[in-house]
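Novice: Can you read through this structure? Questions will come right after.
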Amino acid sequence: MGTIYLIHFTQPYKHARHYLGWASNLSSRLQHHRQGNGARLMQVIRQAGISWSLARTWAGDRKEERRLKNWHNAPELCPICNPKITHYELNR
């Protein structure tokens with residue numbers, strides 16, 4: 001078990017407005033993203049000068065992360081884009 005996390009970009013990069021990932025050590029993984037290492041999308045976001053914020057986290061495994069990625073609807077999971085998300089929904 002690890003942490004699934006959702007990153008919200010302050011402005012879109014082409015079609016992308018979010019990055020959804022999984023980490024066994026979230027703080028280490030976020031540091032990699034800040035340095036432009038790891039996921040290619042996060043590298044190009046950094047190169048484009050786009051800032052981002054951690055929008056949401058929840059416990060889960062890689063299988064759950066893949067299921068959410070395949071859904072292709074990160075804005076529905078993002079409390080920044082979708083302020084109607086309740087506290088309960090954020091923690092499920």
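Naming works like this for the structure tokens: A, B, ... for the chains as they're shown, residue 1 at the start of each chain, ligands 1 onward in shown order.
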Let's see if you can do this: from backbone DSSP, list all strand (DSSP E or B) residues in chain A, as a list in words.
Specialist: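 Filtering chain A down to strand (DSSP E or B) leaves Gly2, Thr3, Ile4, Tyr5, Leu6, Ile7, His8, Phe9, Thr10, Gln11, Pro12, Tyr13, Ala16, Arg17, His18, Tyr19, Leu20, Gly21, Trp22, Ala23, Trp52, Ser53, Leu54, Ala55, Arg56, Thr57, Trp58, Ala59 and Gly60 of chain A.
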Novice: Pick out the residues sitting within 10 Å of Ala16 of chain A, and hand them over as a PyMOL selection string; count only C-alpha atoms, and ignore anything fewer than 4 positions along from it in its own chain.
Specialist: chain A and resi 8-9+11-12+41+45+74
Novice: Would you write out those residues with N, CA and C atoms, as a tab-separated table (two decimals), in the first residue's frame?
Specialist:
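out11.tsv, freshly written:
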```
chain	number	residue	atom	x	y	z
A	8	HIS	N	-2.23	19.30	-9.41
A	8	HIS	CA	-2.99	20.25	-10.23
A	8	HIS	C	-2.02	21.29	-10.78
A	9	PHE	N	-2.03	21.49	-12.10
A	9	PHE	CA	-1.17	22.50	-12.74
A	9	PHE	C	-1.86	23.85	-12.71
A	11	GLN	N	-1.65	26.11	-14.85
A	11	GLN	CA	-2.16	26.35	-16.20
A	11	GLN	C	-1.99	25.07	-16.99
A	12	PRO	N	-2.84	24.82	-17.97
A	12	PRO	CA	-2.73	23.58	-18.73
A	12	PRO	C	-1.44	23.52	-19.55
A	41	LEU	N	5.89	13.93	-18.01
A	41	LEU	CA	4.97	15.08	-17.97
A	41	LEU	C	5.44	16.10	-16.95
A	45	ILE	N	6.49	20.03	-17.69
A	45	ILE	CA	5.81	21.08	-16.92
A	45	ILE	C	6.85	22.01	-16.31
A	74	ALA	N	-9.42	13.27	-14.35
A	74	ALA	CA	-8.82	13.81	-13.14
A	74	ALA	C	-9.55	15.04	-12.60
```
Novice: I'd like to know which of A:Thr57, A:Ile85, A:Asn73, A:Tyr19 is closest to Gln43 of chain A, using only C-alpha atoms.
Specialist: A:Tyr19
Novice: Give me every helix (DSSP H, G or I) residue in chain A, going by DSSP on the backbone, as a PyMOL selection string.
Specialist: chain A and resi 26-35+40-47+62-71+74-77+87-90
Novice: Just how far from atom CA of Trp71 of chain A is atom CA of Arg17 of chain A, in Å to one decimal?
Specialist: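 Here the two named atoms are 14.7 Å from each other.
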Novice: Smallest atom-to-atom distance to Val44 of chain A: which of A:Lys14, A:Arg29, A:His72, A:Arg62, using only C-alpha atoms?
Specialist: A:Lys14
Novice: Name the closest residue to Ile80 of chain A among the candidates A:His32, A:Arg56, A:Arg46, A:His15; distances are taken between atoms, counting only C-alpha atoms.
Specialist: A:Arg56
Novice: As an exercise, work out the distance from atom CA of Pro75 of chain A to atom CA of His18 of chain A in Å and give it to one decimal place.
Specialist: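 Interatomic distance here is 7.6 Å.
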Novice: Leaving out Leu20 of chain A and any residue of its chain fewer than 4 positions from it, which residues lie within 8 Å of it when counting only C-alpha atoms, given as a ChimeraX atom specification?
Specialist: /A:4-7,65,69,74
Novice: Using the selection just defined, write its residues with C-alpha atoms as a tab-separated table (two decimals), in the first residue's frame.
Specialist:
```tsv
chain	number	residue	atom	x	y	z
A	4	ILE	CA	-2.04	7.91	-4.73
A	5	TYR	CA	-1.67	11.62	-5.37
A	6	LEU	CA	-3.13	14.20	-7.69
A	7	ILE	CA	-1.14	17.23	-8.84
A	65	GLU	CA	-3.76	4.27	-9.53
A	69	LYS	CA	-5.62	6.96	-14.76
A	74	ALA	CA	-8.82	13.81	-13.14
```
Novice: For Ala59 of chain A, please output as a VMD selection string all residues within 10 Å (counting only C-alpha atoms; exclusion window: fewer than 3 positions along the same chain).
Specialist: chain A and resid 1 to 5 22 to 23 64 to 65 91 to 92
Novice: Residues within 7 Å of Thr10 of chain A, please, as a ChimeraX atom specification. Count only C-alpha atoms; anything in the same chain fewer than 5 positions from it doesn't count.
Specialist: /A:50-52
